[in-house]
$ cat upload02.txt   # compact mmCIF, N, CA and C atoms
# COMPACT_ATOMS: atom_id res chain seq x y z
N MET P 1 99.35 53.26 187.31
CA MET P 1 99.99 53.56 186.05
C MET P 1 100.54 54.98 186.07
N GLN P 2 101.75 55.16 185.56
CA GLN P 2 102.33 56.50 185.50
C GLN P 2 101.62 57.34 184.45
N HIS P 3 101.73 58.64 184.60
CA HIS P 3 101.09 59.56 183.65
C HIS P 3 101.67 59.37 182.27
N GLN P 4 100.80 59.42 181.26
CA GLN P 4 101.23 59.30 179.87
C GLN P 4 100.67 60.44 179.04
N THR P 5 101.45 60.84 178.06
CA THR P 5 100.98 61.74 177.02
C THR P 5 100.81 60.90 175.77
N VAL P 6 99.61 60.92 175.23
CA VAL P 6 99.24 60.06 174.10
C VAL P 6 98.74 60.95 172.97
N VAL P 7 99.09 60.59 171.74
CA VAL P 7 98.55 61.27 170.56
C VAL P 7 97.74 60.25 169.77
N ILE P 8 96.57 60.68 169.32
CA ILE P 8 95.72 59.82 168.51
C ILE P 8 95.31 60.59 167.26
N THR P 9 95.64 60.03 166.10
CA THR P 9 95.18 60.63 164.85
C THR P 9 93.82 60.02 164.52
N GLY P 10 93.02 60.77 163.79
CA GLY P 10 91.67 60.29 163.49
C GLY P 10 90.81 60.26 164.73
N ALA P 11 91.07 61.20 165.64
CA ALA P 11 90.46 61.18 166.97
C ALA P 11 89.05 61.76 167.02
N SER P 12 88.52 62.23 165.90
CA SER P 12 87.22 62.90 165.94
C SER P 12 86.03 61.95 165.86
N ALA P 13 86.26 60.67 165.53
CA ALA P 13 85.13 59.74 165.37
C ALA P 13 85.63 58.30 165.45
N GLY P 14 84.68 57.39 165.57
CA GLY P 14 84.94 55.96 165.45
C GLY P 14 85.99 55.41 166.39
N ILE P 15 86.88 54.59 165.84
CA ILE P 15 87.91 53.93 166.64
C ILE P 15 88.82 54.94 167.33
N GLY P 16 89.18 56.01 166.63
CA GLY P 16 90.04 57.02 167.21
C GLY P 16 89.42 57.69 168.42
N ARG P 17 88.16 58.05 168.29
CA ARG P 17 87.47 58.71 169.41
C ARG P 17 87.30 57.75 170.59
N ALA P 18 86.97 56.48 170.31
CA ALA P 18 86.83 55.49 171.37
C ALA P 18 88.17 55.24 172.07
N THR P 19 89.24 55.20 171.29
CA THR P 19 90.57 55.00 171.86
C THR P 19 90.95 56.17 172.75
N ALA P 20 90.65 57.37 172.31
CA ALA P 20 90.94 58.57 173.09
C ALA P 20 90.23 58.51 174.44
N ARG P 21 88.96 58.12 174.42
CA ARG P 21 88.20 58.03 175.67
C ARG P 21 88.82 57.02 176.62
N LEU P 22 89.26 55.87 176.09
CA LEU P 22 89.89 54.85 176.93
C LEU P 22 91.17 55.37 177.58
N PHE P 23 91.98 56.11 176.83
CA PHE P 23 93.17 56.70 177.45
C PHE P 23 92.77 57.75 178.48
N GLY P 24 91.68 58.48 178.22
CA GLY P 24 91.18 59.44 179.21
C GLY P 24 90.80 58.74 180.51
N GLU P 25 90.19 57.57 180.41
CA GLU P 25 89.82 56.80 181.60
C GLU P 25 91.04 56.40 182.42
N ARG P 26 92.18 56.32 181.77
CA ARG P 26 93.44 55.98 182.46
C ARG P 26 94.15 57.22 183.00
N GLY P 27 93.53 58.40 182.80
CA GLY P 27 94.10 59.64 183.31
C GLY P 27 95.18 60.24 182.43
N ALA P 28 95.27 59.80 181.19
CA ALA P 28 96.30 60.30 180.28
C ALA P 28 95.99 61.71 179.79
N SER P 29 97.03 62.39 179.36
CA SER P 29 96.89 63.63 178.60
C SER P 29 96.87 63.20 177.14
N VAL P 30 95.83 63.59 176.42
CA VAL P 30 95.62 63.06 175.07
C VAL P 30 95.58 64.19 174.04
N GLY P 31 96.52 64.11 173.10
CA GLY P 31 96.53 65.01 171.95
C GLY P 31 95.66 64.40 170.87
N LEU P 32 94.63 65.10 170.48
CA LEU P 32 93.65 64.61 169.51
C LEU P 32 93.88 65.31 168.18
N ILE P 33 94.17 64.52 167.14
CA ILE P 33 94.44 65.11 165.83
C ILE P 33 93.40 64.62 164.82
N ALA P 34 92.79 65.56 164.14
CA ALA P 34 91.81 65.24 163.09
C ALA P 34 91.47 66.55 162.37
N ARG P 35 90.70 66.43 161.29
CA ARG P 35 90.28 67.62 160.54
C ARG P 35 88.95 68.17 161.04
N GLY P 36 88.07 67.32 161.51
CA GLY P 36 86.71 67.75 161.86
C GLY P 36 86.64 68.41 163.22
N GLU P 37 86.46 69.73 163.21
CA GLU P 37 86.46 70.51 164.46
C GLU P 37 85.37 70.07 165.43
N GLU P 38 84.16 69.86 164.94
CA GLU P 38 83.07 69.45 165.83
C GLU P 38 83.37 68.11 166.50
N GLY P 39 83.84 67.15 165.72
CA GLY P 39 84.20 65.85 166.27
C GLY P 39 85.36 65.94 167.24
N LEU P 40 86.34 66.78 166.92
CA LEU P 40 87.48 66.97 167.82
C LEU P 40 87.03 67.51 169.18
N GLN P 41 86.15 68.50 169.14
CA GLN P 41 85.67 69.07 170.40
C GLN P 41 84.87 68.04 171.21
N GLY P 42 84.08 67.23 170.52
CA GLY P 42 83.35 66.16 171.20
C GLY P 42 84.28 65.14 171.81
N SER P 43 85.33 64.78 171.09
CA SER P 43 86.31 63.84 171.60
C SER P 43 87.03 64.42 172.81
N ALA P 44 87.36 65.70 172.76
CA ALA P 44 88.02 66.35 173.90
C ALA P 44 87.11 66.30 175.13
N ARG P 45 85.82 66.55 174.94
CA ARG P 45 84.88 66.44 176.07
C ARG P 45 84.86 65.01 176.63
N ASP P 46 84.84 64.02 175.71
CA ASP P 46 84.84 62.62 176.13
C ASP P 46 86.05 62.30 177.02
N VAL P 47 87.22 62.74 176.56
CA VAL P 47 88.46 62.47 177.31
C VAL P 47 88.40 63.11 178.68
N GLU P 48 87.98 64.36 178.73
CA GLU P 48 87.95 65.08 180.01
C GLU P 48 86.88 64.53 180.94
N GLU P 49 85.73 64.16 180.41
CA GLU P 49 84.68 63.55 181.24
C GLU P 49 85.13 62.21 181.79
N ALA P 50 86.02 61.53 181.07
CA ALA P 50 86.52 60.23 181.50
C ALA P 50 87.65 60.36 182.53
N GLY P 51 88.18 61.59 182.72
CA GLY P 51 89.22 61.79 183.71
C GLY P 51 90.58 62.18 183.18
N GLY P 52 90.69 62.36 181.86
CA GLY P 52 91.97 62.74 181.27
C GLY P 52 92.01 64.22 180.94
N LYS P 53 93.12 64.62 180.35
CA LYS P 53 93.31 65.98 179.88
C LYS P 53 93.38 65.91 178.36
N ALA P 54 92.73 66.84 177.66
CA ALA P 54 92.67 66.76 176.20
C ALA P 54 93.17 68.04 175.56
N LEU P 55 93.79 67.87 174.40
CA LEU P 55 94.17 68.98 173.54
C LEU P 55 93.75 68.62 172.13
N ALA P 56 92.81 69.36 171.57
CA ALA P 56 92.33 69.13 170.21
C ALA P 56 93.16 69.96 169.24
N VAL P 57 93.72 69.29 168.23
CA VAL P 57 94.55 69.97 167.23
C VAL P 57 94.01 69.62 165.84
N GLY P 58 93.55 70.62 165.13
CA GLY P 58 93.08 70.40 163.78
C GLY P 58 94.24 70.25 162.82
N ALA P 59 94.30 69.12 162.11
CA ALA P 59 95.37 68.88 161.14
C ALA P 59 94.93 67.80 160.17
N ASP P 60 95.46 67.88 158.96
CA ASP P 60 95.23 66.88 157.94
C ASP P 60 96.44 65.95 157.94
N VAL P 61 96.24 64.67 158.27
CA VAL P 61 97.36 63.74 158.37
C VAL P 61 98.02 63.45 157.02
N ALA P 62 97.39 63.84 155.93
CA ALA P 62 97.98 63.67 154.60
C ALA P 62 98.99 64.77 154.29
N ASP P 63 99.21 65.68 155.23
CA ASP P 63 100.16 66.78 155.06
C ASP P 63 101.20 66.67 156.18
N TYR P 64 102.41 66.26 155.84
CA TYR P 64 103.44 66.03 156.86
C TYR P 64 103.68 67.26 157.73
N GLU P 65 103.75 68.44 157.13
CA GLU P 65 104.02 69.66 157.90
C GLU P 65 102.95 69.89 158.96
N GLN P 66 101.68 69.62 158.63
CA GLN P 66 100.61 69.78 159.61
C GLN P 66 100.76 68.76 160.75
N VAL P 67 101.14 67.54 160.42
CA VAL P 67 101.31 66.50 161.44
C VAL P 67 102.48 66.86 162.36
N ALA P 68 103.59 67.28 161.77
CA ALA P 68 104.76 67.66 162.57
C ALA P 68 104.44 68.84 163.48
N ALA P 69 103.69 69.82 162.96
CA ALA P 69 103.30 70.97 163.78
C ALA P 69 102.37 70.54 164.91
N ALA P 70 101.47 69.61 164.64
CA ALA P 70 100.57 69.11 165.68
C ALA P 70 101.36 68.40 166.77
N ALA P 71 102.35 67.60 166.40
CA ALA P 71 103.19 66.91 167.39
C ALA P 71 103.92 67.93 168.26
N ARG P 72 104.45 68.96 167.63
CA ARG P 72 105.15 70.02 168.37
C ARG P 72 104.20 70.70 169.35
N GLN P 73 102.97 70.99 168.91
CA GLN P 73 101.98 71.64 169.78
C GLN P 73 101.61 70.74 170.95
N VAL P 74 101.45 69.46 170.71
CA VAL P 74 101.12 68.53 171.79
C VAL P 74 102.24 68.54 172.83
N GLU P 75 103.47 68.43 172.40
CA GLU P 75 104.58 68.40 173.37
C GLU P 75 104.72 69.72 174.11
N GLU P 76 104.50 70.83 173.44
CA GLU P 76 104.59 72.13 174.10
C GLU P 76 103.52 72.30 175.16
N THR P 77 102.35 71.69 174.93
CA THR P 77 101.21 71.86 175.83
C THR P 77 101.08 70.75 176.86
N LEU P 78 101.26 69.50 176.43
CA LEU P 78 101.00 68.36 177.31
C LEU P 78 102.25 67.65 177.82
N GLY P 79 103.39 67.90 177.18
CA GLY P 79 104.63 67.24 177.58
C GLY P 79 105.06 66.20 176.57
N PRO P 80 106.19 65.56 176.81
CA PRO P 80 106.74 64.59 175.87
C PRO P 80 105.75 63.47 175.53
N ILE P 81 105.70 63.14 174.25
CA ILE P 81 104.78 62.11 173.77
C ILE P 81 105.32 60.74 174.15
N ASP P 82 104.49 59.94 174.83
CA ASP P 82 104.85 58.58 175.22
C ASP P 82 104.29 57.55 174.25
N VAL P 83 103.08 57.81 173.75
CA VAL P 83 102.39 56.86 172.87
C VAL P 83 101.77 57.63 171.72
N TRP P 84 101.92 57.09 170.50
CA TRP P 84 101.31 57.69 169.30
C TRP P 84 100.50 56.60 168.63
N VAL P 85 99.20 56.85 168.44
CA VAL P 85 98.30 55.87 167.83
C VAL P 85 97.78 56.44 166.52
N ASN P 86 98.15 55.81 165.39
CA ASN P 86 97.67 56.22 164.07
C ASN P 86 96.36 55.51 163.77
N VAL P 87 95.26 56.24 163.76
CA VAL P 87 93.96 55.64 163.49
C VAL P 87 93.25 56.32 162.31
N ALA P 88 93.74 57.46 161.88
CA ALA P 88 93.07 58.20 160.81
C ALA P 88 92.99 57.37 159.54
N PHE P 89 91.84 57.39 158.92
CA PHE P 89 91.66 56.75 157.63
C PHE P 89 90.41 57.32 156.97
N THR P 90 90.29 57.06 155.71
CA THR P 90 89.09 57.43 154.98
C THR P 90 88.82 56.34 153.96
N SER P 91 87.63 56.33 153.44
CA SER P 91 87.26 55.31 152.47
C SER P 91 86.20 55.87 151.54
N VAL P 92 85.96 55.14 150.47
CA VAL P 92 84.90 55.47 149.54
C VAL P 92 84.04 54.22 149.40
N PHE P 93 82.79 54.32 149.72
CA PHE P 93 81.89 53.18 149.62
C PHE P 93 81.15 53.24 148.29
N SER P 94 81.75 52.60 147.31
CA SER P 94 81.23 52.65 145.95
C SER P 94 81.83 51.49 145.17
N PRO P 95 81.14 51.03 144.16
CA PRO P 95 81.77 50.03 143.29
C PRO P 95 83.08 50.59 142.72
N PHE P 96 84.07 49.74 142.60
CA PHE P 96 85.39 50.18 142.14
C PHE P 96 85.31 50.98 140.83
N ALA P 97 84.52 50.52 139.91
CA ALA P 97 84.42 51.18 138.61
C ALA P 97 83.86 52.60 138.70
N GLU P 98 83.26 52.95 139.83
CA GLU P 98 82.68 54.28 140.00
C GLU P 98 83.54 55.21 140.85
N ILE P 99 84.65 54.71 141.37
CA ILE P 99 85.53 55.54 142.19
C ILE P 99 86.42 56.36 141.27
N THR P 100 86.50 57.65 141.53
CA THR P 100 87.35 58.50 140.70
C THR P 100 88.81 58.39 141.14
N ALA P 101 89.70 58.77 140.27
CA ALA P 101 91.12 58.77 140.60
C ALA P 101 91.39 59.70 141.78
N GLU P 102 90.71 60.82 141.84
CA GLU P 102 90.88 61.77 142.95
C GLU P 102 90.43 61.14 144.27
N GLU P 103 89.31 60.43 144.28
CA GLU P 103 88.85 59.77 145.51
C GLU P 103 89.86 58.71 145.95
N PHE P 104 90.36 57.92 145.03
CA PHE P 104 91.34 56.89 145.38
C PHE P 104 92.62 57.53 145.90
N ARG P 105 93.04 58.64 145.28
CA ARG P 105 94.24 59.35 145.74
C ARG P 105 94.06 59.82 147.18
N ARG P 106 92.90 60.36 147.49
CA ARG P 106 92.67 60.87 148.85
C ARG P 106 92.67 59.72 149.87
N VAL P 107 92.05 58.61 149.53
CA VAL P 107 92.06 57.44 150.42
C VAL P 107 93.50 57.02 150.70
N THR P 108 94.32 56.97 149.65
CA THR P 108 95.71 56.57 149.80
C THR P 108 96.49 57.57 150.64
N GLU P 109 96.28 58.83 150.40
CA GLU P 109 97.00 59.86 151.17
C GLU P 109 96.68 59.78 152.66
N VAL P 110 95.40 59.68 152.99
CA VAL P 110 95.01 59.66 154.40
C VAL P 110 95.35 58.33 155.06
N SER P 111 94.95 57.24 154.42
CA SER P 111 95.06 55.93 155.05
C SER P 111 96.49 55.38 155.06
N TYR P 112 97.28 55.69 154.04
CA TYR P 112 98.66 55.21 153.99
C TYR P 112 99.63 56.30 154.44
N LEU P 113 99.66 57.43 153.71
CA LEU P 113 100.62 58.48 154.06
C LEU P 113 100.34 59.05 155.44
N GLY P 114 99.08 59.10 155.86
CA GLY P 114 98.77 59.56 157.21
C GLY P 114 99.44 58.71 158.27
N PHE P 115 99.45 57.40 158.06
CA PHE P 115 100.13 56.48 158.97
C PHE P 115 101.64 56.72 158.93
N VAL P 116 102.19 56.86 157.73
CA VAL P 116 103.62 57.10 157.57
C VAL P 116 104.02 58.43 158.21
N TYR P 117 103.29 59.50 157.90
CA TYR P 117 103.64 60.81 158.44
C TYR P 117 103.48 60.87 159.96
N GLY P 118 102.45 60.23 160.48
CA GLY P 118 102.29 60.17 161.92
C GLY P 118 103.45 59.45 162.58
N THR P 119 103.85 58.34 162.01
CA THR P 119 104.98 57.58 162.55
C THR P 119 106.27 58.39 162.47
N MET P 120 106.49 59.07 161.36
CA MET P 120 107.68 59.91 161.21
C MET P 120 107.71 61.02 162.27
N ALA P 121 106.58 61.69 162.46
CA ALA P 121 106.52 62.77 163.45
C ALA P 121 106.74 62.23 164.86
N ALA P 122 106.15 61.08 165.16
CA ALA P 122 106.32 60.48 166.48
C ALA P 122 107.77 60.10 166.72
N LEU P 123 108.37 59.43 165.74
CA LEU P 123 109.77 59.00 165.92
C LEU P 123 110.70 60.18 166.07
N SER P 124 110.43 61.28 165.38
CA SER P 124 111.30 62.45 165.50
C SER P 124 111.30 63.00 166.92
N ARG P 125 110.22 62.75 167.64
CA ARG P 125 110.10 63.20 169.03
C ARG P 125 110.60 62.14 170.02
N MET P 126 110.37 60.89 169.73
CA MET P 126 110.67 59.79 170.66
C MET P 126 112.14 59.35 170.62
N ARG P 127 112.71 59.30 169.46
CA ARG P 127 114.07 58.76 169.32
C ARG P 127 115.11 59.54 170.11
N PRO P 128 115.08 60.86 170.14
CA PRO P 128 116.08 61.57 170.95
C PRO P 128 115.99 61.22 172.45
N ARG P 129 114.82 60.82 172.91
CA ARG P 129 114.64 60.43 174.33
C ARG P 129 114.83 58.93 174.53
N ASN P 130 114.94 58.20 173.41
CA ASN P 130 115.09 56.75 173.44
C ASN P 130 113.93 56.07 174.18
N ARG P 131 112.73 56.59 173.96
CA ARG P 131 111.54 55.97 174.55
C ARG P 131 110.29 56.42 173.80
N GLY P 132 109.28 55.57 173.86
CA GLY P 132 108.01 55.86 173.23
C GLY P 132 107.45 54.61 172.57
N THR P 133 106.15 54.63 172.35
CA THR P 133 105.46 53.48 171.77
C THR P 133 104.56 53.94 170.64
N ILE P 134 104.64 53.20 169.53
CA ILE P 134 103.76 53.43 168.39
C ILE P 134 103.12 52.08 168.07
N PRO P 135 101.95 51.80 168.64
CA PRO P 135 101.31 50.51 168.35
C PRO P 135 100.95 50.40 166.87
N ALA P 136 101.19 49.25 166.30
CA ALA P 136 100.87 49.03 164.89
C ALA P 136 99.52 48.35 164.78
N ALA P 137 98.59 49.05 164.20
CA ALA P 137 97.26 48.49 163.98
C ALA P 137 96.90 48.74 162.53
N GLY P 138 96.50 47.71 161.82
CA GLY P 138 96.20 47.87 160.41
C GLY P 138 94.73 48.06 160.15
N ILE P 139 94.44 48.85 159.15
CA ILE P 139 93.07 49.05 158.70
C ILE P 139 93.06 48.69 157.23
N SER P 140 92.30 47.71 156.86
CA SER P 140 92.24 47.30 155.47
C SER P 140 91.06 47.97 154.78
N THR P 141 91.35 48.57 153.64
CA THR P 141 90.27 49.16 152.85
C THR P 141 89.97 48.32 151.63
N THR P 142 90.62 47.20 151.51
CA THR P 142 90.48 46.37 150.33
C THR P 142 89.02 46.03 150.03
N GLY P 143 88.27 45.65 151.04
CA GLY P 143 86.89 45.26 150.84
C GLY P 143 86.03 46.35 150.23
N ASN P 144 86.42 47.59 150.44
CA ASN P 144 85.64 48.70 149.92
C ASN P 144 85.86 48.93 148.43
N PHE P 145 86.87 48.30 147.85
CA PHE P 145 87.19 48.55 146.47
C PHE P 145 86.99 47.33 145.57
N THR P 146 86.53 46.24 146.13
CA THR P 146 86.48 45.01 145.34
C THR P 146 85.12 44.75 144.71
N ARG P 147 84.12 45.51 145.04
CA ARG P 147 82.79 45.30 144.42
C ARG P 147 82.83 45.77 142.98
N ALA P 148 82.36 44.96 142.11
CA ALA P 148 82.37 45.33 140.69
C ALA P 148 81.10 46.02 140.28

$ encode --input "upload02.txt" --output "structure tokens"
Amino acid sequence: MQHQTVVITGASAGIGRATARLFGERGASVGLIARGEEGLQGSARDVEEAGGKALAVGADVADYEQVAAAARQVEETLGPIDVWVNVAFTSVFSPFAEITAEEFRRVTEVSYLGFVYGTMAALSRMRPRNRGTIPAAGISTTGNFTRA
């Protein structure tokens, strides 16, 4: 397999961190984007121990400017982005009637706008080169809000 530069949002834990490690096993250079510094550093270690190269970038995916800056930093350090994986999400585990408007807003910003902003940042880098992959994977939070 040829060398790839991959970006993963939500890379500090769970599916994002596991995905980062798998790309590390393939020898990829992996840009890790998340807010949690401790988790990001752990994910970077995972990637490097697996055989890849890692760059941890702290950013909030609910803020387009932070996502765009992270994409720029990844390309400046690791090279052109070949694959962008949007995995960042958040949830509130509570009966719907107990979720505040602020909590619901944050879930929407991270889980929806984070996906949109990540895709926008990736496309802004990939389209001029006419190459790149953004796998579409859905995360449903519906089940977390339906308990009465």

$ closest_residue --input "upload02.txt" --among "P:Gly114, P:Gly10, P:Pro95, P:Gly27" --to "Ala56 of chain P" --atoms "only C-alpha atoms"
P:Gly10

$ select_by_dssp --input "upload02.txt" --residues "chain P" --states "strand (DSSP E)" --output "MDAnalysis selection string"
chainID P and resid 5:9 29:34 53:58 83:85

$ atom_distance --input "upload02.txt" --atom1 "atom N of Arg127 of chain P" --atom2 "atom N of Ser91 of chain P"
29.9 Å

$ residues_around --input "upload02.txt" --residues "segment 46-53 of chain P" --least-positions-apart "6" --cutoff "12 Å" --atoms "only C-alpha atoms" --output "number ranges by chain"
P: 3-8, 11-13, 16-32, 39-40, 74, 77-79

$ atom_distance --input "upload02.txt" --atom1 "atom CA of Ala69 of chain P" --atom2 "atom CA of Ala101 of chain P"
28.9 Å

$ residues_around --input "upload02.txt" --residues "segment 107-112 of chain P" --least-positions-apart "5" --cutoff "6 Å" --atoms "only N, CA and C atoms" --output "list in words"
Val61, Ala62, Ala88, Phe89, Thr90, Ser91 and Tyr117 of chain P

$ closest_residue --input "upload02.txt" --among "P:Val87, P:Ala97, P:Val57, P:Ile134" --to "Ala70 of chain P" --atoms "only N, CA and C atoms"
P:Val57

$ closest_residue --input "upload02.txt" --among "P:Tyr64, P:Arg131, P:Arg35, P:Ser43" --to "Leu113 of chain P" --atoms "all atoms listed in the file"
P:Tyr64

$ atom_distance --input "upload02.txt" --atom1 "atom CA of Asn86 of chain P" --atom2 "atom CA of Asn130 of chain P"
19.8 Å

$ closest_residue --input "upload02.txt" --among "P:Asp82, P:Arg105, P:Thr133, P:Val67" --to "Ala121 of chain P" --atoms "all atoms listed in the file"
P:Val67

$ select_by_dssp --input "upload02.txt" --residues "chain P" --states "helix (DSSP H, G or I)" --output "MDAnalysis selection string"
chainID P and resid 14:25 37:50 64:78 96:98 101:129 142:144

$ closest_residue --input "upload02.txt" --among "P:Gly36, P:Gly58, P:Ala68, P:Gln2" --to "Met120 of chain P" --atoms "only N, CA and C atoms"
P:Ala68

$ closest_residue --input "upload02.txt" --among "P:Arg72, P:Arg125, P:Arg106, P:Arg45" --to "Val92 of chain P" --atoms "only C-alpha atoms"
P:Arg106

$ decode --input "upload02.txt" --residues "segment 87-104 of chain P" --atoms "N, CA and C atoms" --output "PDB file, in the first residue's frame"
ATOM      1  N   VAL P  87     -15.220  11.250  12.957  1.00  0.00           N
ATOM      2  CA  VAL P  87     -15.728  10.334  13.976  1.00  0.00           C
ATOM      3  C   VAL P  87     -16.162  11.078  15.245  1.00  0.00           C
ATOM      4  N   ALA P  88     -15.805  12.337  15.369  1.00  0.00           N
ATOM      5  CA  ALA P  88     -16.119  13.085  16.588  1.00  0.00           C
ATOM      6  C   ALA P  88     -17.624  13.137  16.820  1.00  0.00           C
ATOM      7  N   PHE P  89     -18.013  12.907  18.050  1.00  0.00           N
ATOM      8  CA  PHE P  89     -19.405  13.056  18.449  1.00  0.00           C
ATOM      9  C   PHE P  89     -19.464  13.185  19.960  1.00  0.00           C
ATOM     10  N   THR P  90     -20.598  13.610  20.422  1.00  0.00           N
ATOM     11  CA  THR P  90     -20.846  13.658  21.855  1.00  0.00           C
ATOM     12  C   THR P  90     -22.305  13.303  22.079  1.00  0.00           C
ATOM     13  N   SER P  91     -22.642  12.986  23.291  1.00  0.00           N
ATOM     14  CA  SER P  91     -24.004  12.609  23.613  1.00  0.00           C
ATOM     15  C   SER P  91     -24.302  12.964  25.057  1.00  0.00           C
ATOM     16  N   VAL P  92     -25.570  12.895  25.393  1.00  0.00           N
ATOM     17  CA  VAL P  92     -26.016  13.096  26.761  1.00  0.00           C
ATOM     18  C   VAL P  92     -26.853  11.879  27.120  1.00  0.00           C
ATOM     19  N   PHE P  93     -26.460  11.170  28.132  1.00  0.00           N
ATOM     20  CA  PHE P  93     -27.194   9.988  28.559  1.00  0.00           C
ATOM     21  C   PHE P  93     -28.131  10.369  29.693  1.00  0.00           C
ATOM     22  N   SER P  94     -29.338  10.733  29.299  1.00  0.00           N
ATOM     23  CA  SER P  94     -30.314  11.222  30.256  1.00  0.00           C
ATOM     24  C   SER P  94     -31.695  11.121  29.617  1.00  0.00           C
ATOM     25  N   PRO P  95     -32.722  10.990  30.412  1.00  0.00           N
ATOM     26  CA  PRO P  95     -34.069  11.060  29.830  1.00  0.00           C
ATOM     27  C   PRO P  95     -34.240  12.390  29.090  1.00  0.00           C
ATOM     28  N   PHE P  96     -34.934  12.353  27.979  1.00  0.00           N
ATOM     29  CA  PHE P  96     -35.105  13.545  27.145  1.00  0.00           C
ATOM     30  C   PHE P  96     -35.604  14.747  27.949  1.00  0.00           C
ATOM     31  N   ALA P  97     -36.552  14.522  28.810  1.00  0.00           N
ATOM     32  CA  ALA P  97     -37.138  15.619  29.588  1.00  0.00           C
ATOM     33  C   ALA P  97     -36.132  16.281  30.524  1.00  0.00           C
ATOM     34  N   GLU P  98     -34.998  15.635  30.769  1.00  0.00           N
ATOM     35  CA  GLU P  98     -33.987  16.187  31.671  1.00  0.00           C
ATOM     36  C   GLU P  98     -32.802  16.811  30.942  1.00  0.00           C
ATOM     37  N   ILE P  99     -32.791  16.738  29.623  1.00  0.00           N
ATOM     38  CA  ILE P  99     -31.693  17.315  28.849  1.00  0.00           C
ATOM     39  C   ILE P  99     -31.947  18.810  28.683  1.00  0.00           C
ATOM     40  N   THR P 100     -30.935  19.605  28.965  1.00  0.00           N
ATOM     41  CA  THR P 100     -31.093  21.049  28.817  1.00  0.00           C
ATOM     42  C   THR P 100     -30.924  21.454  27.354  1.00  0.00           C
ATOM     43  N   ALA P 101     -31.413  22.613  27.022  1.00  0.00           N
ATOM     44  CA  ALA P 101     -31.256  23.143  25.668  1.00  0.00           C
ATOM     45  C   ALA P 101     -29.775  23.298  25.330  1.00  0.00           C
ATOM     46  N   GLU P 102     -28.975  23.711  26.291  1.00  0.00           N
ATOM     47  CA  GLU P 102     -27.534  23.868  26.076  1.00  0.00           C
ATOM     48  C   GLU P 102     -26.876  22.520  25.773  1.00  0.00           C
ATOM     49  N   GLU P 103     -27.245  21.477  26.502  1.00  0.00           N
ATOM     50  CA  GLU P 103     -26.684  20.145  26.234  1.00  0.00           C
ATOM     51  C   GLU P 103     -27.073  19.671  24.836  1.00  0.00           C
ATOM     52  N   PHE P 104     -28.321  19.846  24.458  1.00  0.00           N
ATOM     53  CA  PHE P 104     -28.764  19.431  23.135  1.00  0.00           C
ATOM     54  C   PHE P 104     -28.042  20.229  22.054  1.00  0.00           C
TER      55      PHE P 104
END
